[in-house]
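**Student:** Got a file for you: protein-v5.pdb, PDB, C-alpha atoms.
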```
ATOM      1  CA  MET U   1     102.052  16.445 -25.096
ATOM      2  CA  MET U   2      99.934  17.596 -22.151
ATOM      3  CA  LYS U   3     100.035  16.223 -18.644
ATOM      4  CA  THR U   4      96.785  16.039 -16.626
ATOM      5  CA  GLU U   5      97.023  17.054 -12.976
ATOM      6  CA  LYS U   6      94.604  17.118 -10.052
ATOM      7  CA  ARG U   7      95.367  19.581  -7.263
ATOM      8  CA  THR U   8      93.740  19.628  -3.844
ATOM      9  CA  ARG U   9      92.149  22.755  -2.364
ATOM     10  CA  TYR U  10      94.534  25.512  -1.245
ATOM     11  CA  SER U  11      97.550  23.729  -2.758
ATOM     12  CA  MET U  12     100.135  25.655  -4.779
ATOM     13  CA  VAL U  13     100.525  25.092  -8.531
ATOM     14  CA  TYR U  14     103.719  27.159  -8.586
ATOM     15  CA  MET U  15     105.600  29.592  -6.349
ATOM     16  CA  PRO U  16     107.886  32.607  -6.933
ATOM     17  CA  GLY U  17     111.333  31.348  -7.912
ATOM     18  CA  ASP U  18     110.049  28.159  -9.593
ATOM     19  CA  PRO U  19     111.223  27.663 -13.190
ATOM     20  CA  SER U  20     108.796  29.243 -15.654
ATOM     21  CA  ASP U  21     108.997  26.365 -18.132
ATOM     22  CA  GLU U  22     105.358  25.223 -18.393
ATOM     23  CA  ILE U  23     102.029  26.721 -19.396
ATOM     24  CA  TYR U  24      98.759  25.609 -17.778
ATOM     25  CA  PHE U  25      95.156  25.205 -18.934
ATOM     26  CA  LEU U  26      92.423  25.007 -16.299
ATOM     27  CA  ALA U  27      89.651  22.440 -16.812
ATOM     28  CA  LYS U  28      87.848  22.565 -13.442
ATOM     29  CA  GLY U  29      87.907  24.782 -10.341
ATOM     30  CA  THR U  30      89.346  28.228  -9.624
ATOM     31  CA  ILE U  31      92.933  29.410  -9.159
ATOM     32  CA  LYS U  32      94.212  32.718  -7.873
ATOM     33  CA  ILE U  33      97.367  34.342  -9.206
ATOM     34  CA  GLY U  34      99.017  36.642  -6.696
ATOM     35  CA  THR U  35     102.069  38.051  -5.045
ATOM     36  CA  HIS U  36     103.112  39.354  -1.623
ATOM     37  CA  SER U  37     104.415  42.818  -0.819
ATOM     38  CA  SER U  38     107.616  43.253   1.182
ATOM     39  CA  ASP U  39     105.529  43.532   4.390
ATOM     40  CA  GLY U  40     103.721  40.252   3.613
ATOM     41  CA  LYS U  41     100.412  41.678   2.315
ATOM     42  CA  GLU U  42      98.805  39.504  -0.360
ATOM     43  CA  VAL U  43      97.745  41.060  -3.670
ATOM     44  CA  ILE U  44      95.574  38.909  -5.937
ATOM     45  CA  LYS U  45      96.325  39.844  -9.538
ATOM     46  CA  SER U  46      93.744  37.643 -11.228
ATOM     47  CA  LEU U  47      91.338  34.749 -10.821
ATOM     48  CA  ILE U  48      91.560  31.898 -13.314
ATOM     49  CA  HIS U  49      88.386  30.026 -14.245
ATOM     50  CA  PRO U  50      87.855  26.916 -16.414
ATOM     51  CA  LEU U  51      88.995  27.028 -20.058
ATOM     52  CA  ALA U  52      91.591  29.718 -19.303
ATOM     53  CA  MET U  53      95.340  29.601 -19.819
ATOM     54  CA  PHE U  54      97.749  30.737 -17.080
ATOM     55  CA  GLY U  55     101.442  30.733 -16.239
ATOM     56  CA  GLU U  56     102.129  31.841 -19.819
ATOM     57  CA  LEU U  57     104.847  34.463 -19.214
ATOM     58  CA  GLY U  58     107.532  31.826 -19.797
ATOM     59  CA  ILE U  59     106.538  31.834 -23.472
ATOM     60  CA  ILE U  60     107.754  35.434 -23.787
ATOM     61  CA  GLY U  61     110.919  35.143 -21.738
ATOM     62  CA  GLU U  62     110.172  34.838 -18.008
ATOM     63  CA  LYS U  63     112.777  32.425 -16.589
ATOM     64  CA  GLU U  64     111.525  32.232 -12.981
ATOM     65  CA  ARG U  65     107.988  32.676 -11.647
ATOM     66  CA  GLN U  66     107.414  36.095 -10.088
ATOM     67  CA  ASP U  67     103.895  35.234  -8.841
ATOM     68  CA  TYR U  68     102.277  32.235  -7.232
ATOM     69  CA  ALA U  69      99.266  30.227  -8.432
ATOM     70  CA  GLN U  70      97.111  28.721  -5.688
ATOM     71  CA  VAL U  71      93.992  26.540  -5.815
ATOM     72  CA  LEU U  72      90.948  28.042  -4.096
ATOM     73  CA  ARG U  73      88.294  26.155  -2.129
ATOM     74  CA  ASP U  74      87.596  23.269  -4.538
ATOM     75  CA  GLU U  75      89.903  20.690  -6.114
ATOM     76  CA  VAL U  76      91.082  21.624  -9.611
ATOM     77  CA  ILE U  77      91.900  19.687 -12.766
ATOM     78  CA  LEU U  78      94.455  21.260 -15.050
ATOM     79  CA  TYR U  79      96.692  20.428 -17.974
ATOM     80  CA  SER U  80     100.345  21.404 -18.193
ATOM     81  CA  LEU U  81     102.422  21.715 -21.329
ATOM     82  CA  LYS U  82     106.128  22.448 -21.729
ATOM     83  CA  ASN U  83     106.784  25.931 -23.154
ATOM     84  CA  ASP U  84     109.074  24.513 -25.858
ATOM     85  CA  ASP U  85     106.280  22.225 -27.094
ATOM     86  CA  PHE U  86     103.778  25.089 -27.038
ATOM     87  CA  ARG U  87     106.141  27.400 -28.968
ATOM     88  CA  GLN U  88     106.610  24.672 -31.555
ATOM     89  CA  MET U  89     102.824  24.434 -31.980
ATOM     90  CA  MET U  90     102.599  28.236 -32.284
ATOM     91  CA  ARG U  91     105.191  28.241 -35.080
ATOM     92  CA  LYS U  92     103.051  25.807 -37.084
ATOM     93  CA  ASN U  93      99.623  27.315 -36.324
ATOM     94  CA  PHE U  94      98.936  30.976 -37.094
ATOM     95  CA  ASP U  95      95.462  30.887 -35.478
ATOM     96  CA  LEU U  96      96.933  29.612 -32.205
ATOM     97  CA  CYS U  97      99.633  32.295 -32.358
ATOM     98  CA  SER U  98      96.971  34.953 -32.945
ATOM     99  CA  GLN U  99      94.889  33.704 -29.984
ATOM    100  CA  VAL U 100      97.917  33.809 -27.681
ATOM    101  CA  MET U 101      98.724  37.380 -28.792
ATOM    102  CA  SER U 102      95.094  38.336 -28.141
ATOM    103  CA  SER U 103      95.327  36.784 -24.665
ATOM    104  CA  PHE U 104      98.432  38.848 -23.841
ATOM    105  CA  GLY U 105      96.661  41.962 -25.126
ATOM    106  CA  GLN U 106      93.653  41.316 -22.870
ATOM    107  CA  ARG U 107      95.968  40.729 -19.920
ATOM    108  CA  LEU U 108      97.661  44.082 -20.545
ATOM    109  CA  MET U 109      94.303  45.893 -20.819
ATOM    110  CA  ARG U 110      93.100  44.318 -17.545
ATOM    111  CA  ALA U 111      96.293  45.488 -15.807
ATOM    112  CA  GLU U 112      95.835  49.016 -17.158
ATOM    113  CA  ASN U 113      92.158  49.073 -16.106
ATOM    114  CA  LYS U 114      93.104  47.922 -12.606
ATOM    115  CA  LEU U 115      95.737  50.655 -12.359
ATOM    116  CA  GLU U 116      93.223  53.299 -13.467
ATOM    117  CA  SER U 117      90.699  51.950 -10.976
ATOM    118  CA  LEU U 118      93.222  52.242  -8.125
ATOM    119  CA  ILE U 119      94.055  55.826  -9.089
ATOM    120  CA  PHE U 120      90.578  57.183  -9.862
ATOM    121  CA  LYS U 121      88.037  55.118  -7.877
ATOM    122  CA  ASP U 122      87.321  54.849  -4.151
ATOM    123  CA  ALA U 123      87.242  51.520  -2.280
ATOM    124  CA  ARG U 124      83.424  51.155  -2.380
ATOM    125  CA  THR U 125      83.333  51.673  -6.166
ATOM    126  CA  ARG U 126      86.159  49.151  -6.716
ATOM    127  CA  ILE U 127      84.312  46.507  -4.685
ATOM    128  CA  ILE U 128      81.010  47.137  -6.520
ATOM    129  CA  ASP U 129      82.815  47.079  -9.900
ATOM    130  CA  PHE U 130      84.392  43.740  -8.957
ATOM    131  CA  ILE U 131      80.954  42.282  -8.104
ATOM    132  CA  LYS U 132      79.394  43.631 -11.316
ATOM    133  CA  ASP U 133      82.267  42.362 -13.503
ATOM    134  CA  SER U 134      82.237  38.914 -11.841
ATOM    135  CA  VAL U 135      78.452  38.581 -12.180
ATOM    136  CA  SER U 136      78.563  39.736 -15.825
ATOM    137  CA  ASP U 137      81.332  37.225 -16.636
ATOM    138  CA  ARG U 138      80.213  34.147 -14.711
ATOM    139  CA  GLY U 139      76.821  34.796 -13.112
ATOM    140  CA  ARG U 140      73.618  33.117 -14.215
ATOM    141  CA  ARG U 141      70.164  34.611 -14.466
ATOM    142  CA  VAL U 142      67.597  33.533 -11.859
ATOM    143  CA  GLY U 143      64.325  35.263 -12.761
ATOM    144  CA  PHE U 144      65.125  38.979 -12.776
ATOM    145  CA  GLU U 145      68.185  38.489 -10.564
ATOM    146  CA  MET U 146      71.759  37.339 -11.214
ATOM    147  CA  LEU U 147      73.443  34.644  -9.106
ATOM    148  CA  LEU U 148      77.219  34.331  -8.783
ATOM    149  CA  LYS U 149      78.741  31.227  -7.187
ATOM    150  CA  HIS U 150      82.316  31.809  -6.069
ATOM    151  CA  SER U 151      85.100  30.467  -3.829
ATOM    152  CA  LEU U 152      86.241  33.782  -2.342
ATOM    153  CA  THR U 153      86.499  34.966   1.232
ATOM    154  CA  HIS U 154      86.012  38.638   2.144
ATOM    155  CA  GLN U 155      89.806  38.786   2.502
ATOM    156  CA  ASP U 156      90.236  37.484  -1.060
ATOM    157  CA  ILE U 157      87.888  40.185  -2.386
ATOM    158  CA  ALA U 158      89.873  42.757  -0.394
ATOM    159  CA  ASN U 159      93.144  41.462  -1.871
ATOM    160  CA  ILE U 160      91.719  41.689  -5.405
ATOM    161  CA  THR U 161      90.289  45.203  -4.978
ATOM    162  CA  CYS U 162      93.219  46.535  -2.894
ATOM    163  CA  THR U 163      90.988  47.333   0.080
ATOM    164  CA  SER U 164      90.683  45.871   3.584
ATOM    165  CA  ARG U 165      88.553  42.935   4.725
ATOM    166  CA  GLN U 166      86.629  45.285   7.025
ATOM    167  CA  THR U 167      85.809  47.597   4.081
ATOM    168  CA  VAL U 168      84.579  44.657   1.981
ATOM    169  CA  THR U 169      82.349  43.489   4.862
ATOM    170  CA  LEU U 170      80.970  47.024   5.393
ATOM    171  CA  VAL U 171      80.222  47.534   1.685
ATOM    172  CA  LEU U 172      78.590  44.099   1.259
ATOM    173  CA  ASN U 173      76.463  44.593   4.395
ATOM    174  CA  ASP U 174      75.451  48.063   3.208
ATOM    175  CA  LEU U 175      74.436  46.696  -0.224
ATOM    176  CA  LYS U 176      72.508  43.901   1.507
ATOM    177  CA  LYS U 177      70.746  46.399   3.802
ATOM    178  CA  SER U 178      69.769  48.459   0.727
ATOM    179  CA  ASP U 179      68.357  45.226  -0.809
ATOM    180  CA  LEU U 180      70.677  45.517  -3.825
ATOM    181  CA  ILE U 181      72.362  42.160  -3.142
ATOM    182  CA  TYR U 182      71.964  39.109  -0.966
ATOM    183  CA  PHE U 183      74.998  37.045  -0.038
ATOM    184  CA  ASN U 184      76.034  34.046   2.001
ATOM    185  CA  ARG U 185      79.027  31.730   1.893
ATOM    186  CA  GLY U 186      80.002  31.149  -1.720
ATOM    187  CA  LYS U 187      77.059  33.001  -3.325
ATOM    188  CA  ILE U 188      76.169  36.576  -4.243
ATOM    189  CA  LEU U 189      72.691  37.333  -5.607
ATOM    190  CA  VAL U 190      72.404  40.698  -7.357
ATOM    191  CA  ARG U 191      68.789  41.885  -7.254
ATOM    192  CA  ASP U 192      69.115  44.466 -10.039
ATOM    193  CA  MET U 193      72.319  44.972 -12.044
ATOM    194  CA  ALA U 194      71.209  48.442 -13.224
ATOM    195  CA  LYS U 195      70.700  49.734  -9.669
ATOM    196  CA  LEU U 196      74.007  48.323  -8.392
ATOM    197  CA  ALA U 197      76.107  51.492  -8.639
TER     198      ALA U 197
END
```
Could you write out this file's structure as structure tokens?
**Tutor:**
Amino acid sequence: MMKTEKRTRYSMVYMPGDPSDEIYFLAKGTIKIGTHSSDGKEVIKSLIHPLAMFGELGIIGEKERQDYAQVLRDEVILYSLKNDDFRQMMRKNFDLCSQVMSSFGQRLMRAENKLESLIFKDARTRIIDFIKDSVSDRGRRVGFEMLLKHSLTHQDIANITCTSRQTVTLVLNDLKKSDLIYFNRGKILVRDMAKLA
């Protein structure tokens, strides 16, 4: 039932206004899900990494895409499946249905956590929390340190944390100066997760 697709870097998987009739599963690479405000400012809602599902709102009634999905720096491989076929599978498989419900629940909790973060935390804390969460989720241990490989620019991090590129650069440089992290293009090394606060 699934169709395999390769997408080149920075290409769009879908755009606002496209029919919301397929669900996607990411096999390789990273995709950002985002939107633009009325004045053209980009807001990145989430980053999709391998083995994750995305574009799933059509299953629960979205007719047209409200967001866009764009490939980041490296080519991606993904699988697409028609919503009708996926719903049919869900009707026959309770475990699949349960997993999908769990996925929607996690999505809702992430949205609520992001809203709370915007209301209660300052820009520096949001940026540090983003680094800590990313390293905890996808980083790998190197001795006593944690290494995160990523495809994000400072502007991308700003668009995720609802800050400015200048603020992201200032915070990262400050953390580097304090010897809490080391970073260069595509890598962040956290020296001590406990001290990163």
**Student:** Rank U:Phe94, U:Phe130, U:Tyr68, U:Phe144 by their smallest atom-to-atom distance to Asp18 in chain U, using only C-alpha atoms, and report the top residue only.
**Tutor:**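 Nearest candidate to Asp18 in chain U out of U:Phe94, U:Phe130, U:Tyr68, U:Phe144: U:Tyr68.
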**Student:** Calculate how many Å separate CA of Asp74 in chain U from CA of Met1 in chain U, rounding to one decimal.
**Tutor:**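 For CA of Asp74 in chain U relative to CA of Met1 in chain U, the distance reads 26.0 Å.
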**Student:** What does the structure give for the distance between CA of Arg124 in chain U and CA of Lys195 in chain U, in Å to one decimal?
**Tutor:**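 Taking CA of Arg124 in chain U and CA of Lys195 in chain U, their separation equals 14.7 Å.
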**Student:** Identify, on the basis of only C-alpha atoms, every residue whose closest approach to Arg138 in chain U does not exceed 10 Å; exclude the query and any residue fewer than 4 positions from it along the same chain; express the result as a short mmCIF file (atom, residue, chain, number, x, y, z; two decimals) with C-alpha atoms, in the coordinates of the input.
**Tutor:**
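Dumped everything to result.cif:
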```cif
data_model
loop_
_atom_site.label_atom_id
_atom_site.label_comp_id
_atom_site.auth_asym_id
_atom_site.auth_seq_id
_atom_site.Cartn_x
_atom_site.Cartn_y
_atom_site.Cartn_z
CA HIS U 49 88.39 30.03 -14.24
CA ASP U 133 82.27 42.36 -13.50
CA SER U 134 82.24 38.91 -11.84
CA MET U 146 71.76 37.34 -11.21
CA LEU U 147 73.44 34.64 -9.11
CA LEU U 148 77.22 34.33 -8.78
CA LYS U 149 78.74 31.23 -7.19
CA HIS U 150 82.32 31.81 -6.07
#
```
**Student:** Kindly extract all protein, DNA and RNA residues lying within 8 Å of the coordinates (101.2, 38.4, -6.1) given in the file, considering only C-alpha atoms, and supply them as a list of chain:residue names.
**Tutor:**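 Residues found, by chain and rising number: U:Ile33, U:Gly34, U:Thr35, U:His36, U:Ser37, U:Glu42, U:Val43, U:Ile44, U:Lys45, U:Gln66, U:Asp67, U:Tyr68.
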**Student:** Tell me, in Å to one decimal, how far CA of Ser164 in chain U is from CA of Gly139 in chain U.
**Tutor:** 24.4 Å
**Student:** Considering only C-alpha atoms, tabulate each residue of range 26-61 of chain U that lies at most 12 Å from range 87-92 of chain U along with its nearest interatomic pair and the corresponding distance in Å to one decimal; arrange the rows by chain and ascending residue number and present them as a Markdown table.
**Tutor:**
```
| residue | atom | partner | partner_atom | distance |
| --- | --- | --- | --- | --- |
| U:Glu56 | CA | U:Arg87 | CA | 10.9 |
| U:Gly58 | CA | U:Arg87 | CA | 10.3 |
| U:Ile59 | CA | U:Arg87 | CA | 7.1 |
| U:Ile60 | CA | U:Arg87 | CA | 9.7 |
| U:Gly61 | CA | U:Arg87 | CA | 11.6 |
```
**Student:** Name the closest residue to Lys3 in chain U among the candidates U:Gly40, U:Ile23, U:Leu57, U:Tyr79; distances are taken between atoms, counting all atoms listed in the file.
**Tutor:**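 Among the listed residues, U:Tyr79 lies closest to Lys3 in chain U.
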**Student:** Apply the PyMOL selection byres ((chain U and resi 4) around 9) to the file shown and report the selected residues as number ranges by chain.
**Tutor:** U: 2-3, 5-6, 77-80
**Student:** Starting from the PyMOL selection byres ((chain U and resi 173-176) around 12), expand the selection into actual residues of this file and give them as a tab-separated table (two decimals) with C-alpha atoms, keeping the file's coordinate frame.
**Tutor:**
```tsv
chain	number	residue	atom	x	y	z
U	124	ARG	CA	83.42	51.16	-2.38
U	125	THR	CA	83.33	51.67	-6.17
U	127	ILE	CA	84.31	46.51	-4.68
U	128	ILE	CA	81.01	47.14	-6.52
U	131	ILE	CA	80.95	42.28	-8.10
U	154	HIS	CA	86.01	38.64	2.14
U	166	GLN	CA	86.63	45.28	7.02
U	167	THR	CA	85.81	47.60	4.08
U	168	VAL	CA	84.58	44.66	1.98
U	169	THR	CA	82.35	43.49	4.86
U	170	LEU	CA	80.97	47.02	5.39
U	171	VAL	CA	80.22	47.53	1.68
U	172	LEU	CA	78.59	44.10	1.26
U	177	LYS	CA	70.75	46.40	3.80
U	178	SER	CA	69.77	48.46	0.73
U	179	ASP	CA	68.36	45.23	-0.81
U	180	LEU	CA	70.68	45.52	-3.82
U	181	ILE	CA	72.36	42.16	-3.14
U	182	TYR	CA	71.96	39.11	-0.97
U	183	PHE	CA	75.00	37.04	-0.04
U	184	ASN	CA	76.03	34.05	2.00
U	188	ILE	CA	76.17	36.58	-4.24
U	189	LEU	CA	72.69	37.33	-5.61
U	190	VAL	CA	72.40	40.70	-7.36
U	191	ARG	CA	68.79	41.88	-7.25
U	192	ASP	CA	69.11	44.47	-10.04
U	195	LYS	CA	70.70	49.73	-9.67
U	196	LEU	CA	74.01	48.32	-8.39
U	197	ALA	CA	76.11	51.49	-8.64
```
**Student:** Pick out the closest residue to Ser136 in chain U from this set: U:Met193, U:Gly186, U:Ser46, U:Leu96. Count only C-alpha atoms.
**Tutor:**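 Of U:Met193, U:Gly186, U:Ser46, U:Leu96, the one nearest Ser136 in chain U is U:Met193, counting only C-alpha atoms.
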**Student:** Determine the nearest neighbour of Asp21 in chain U from the options U:Asp95, U:Glu145, U:Glu64, U:Asp39, counting all atoms listed in the file.
**Tutor:**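 Ranked by minimum distance to Asp21 in chain U, first place goes to U:Glu64.
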**Student:** Taking all atoms of range 161-168 of chain U that appear in the file, build a box with edges along x, y and z, extend it by 3 Å on every side, and state its centre and edge lengths in Å to one decimal, as JSON.
**Tutor:**
```
{"center_x": 88.9, "center_y": 45.3, "center_z": 1.0, "size_x": 14.6, "size_y": 10.7, "size_z": 18.0}
```
**Student:** Specify as a list in words each residue included when the PyMOL selection byres ((chain U and resi 25) around 7) is applied to this file.
**Tutor:**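 Selected by the PyMOL selection byres ((chain U and resi 25) around 7) here: Tyr24, Leu26, Ala27, Leu51, Ala52, Met53, Phe54, Leu78, Tyr79 and Ser80 of chain U.
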**Student:** Kindly indicate which residue among U:Asn159, U:Ser151, U:Thr8, U:Gln106 lies nearest to Glu75 in chain U, using all atoms listed in the file for the distances.
**Tutor:** U:Thr8
**Student:** With distances taken over all atoms listed in the file, which of U:Thr30, U:Ser38, U:Gln70, U:Gln99 is nearest to Tyr14 in chain U?
**Tutor:**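 That would be U:Gln70, the residue with the smallest distance to Tyr14 in chain U.
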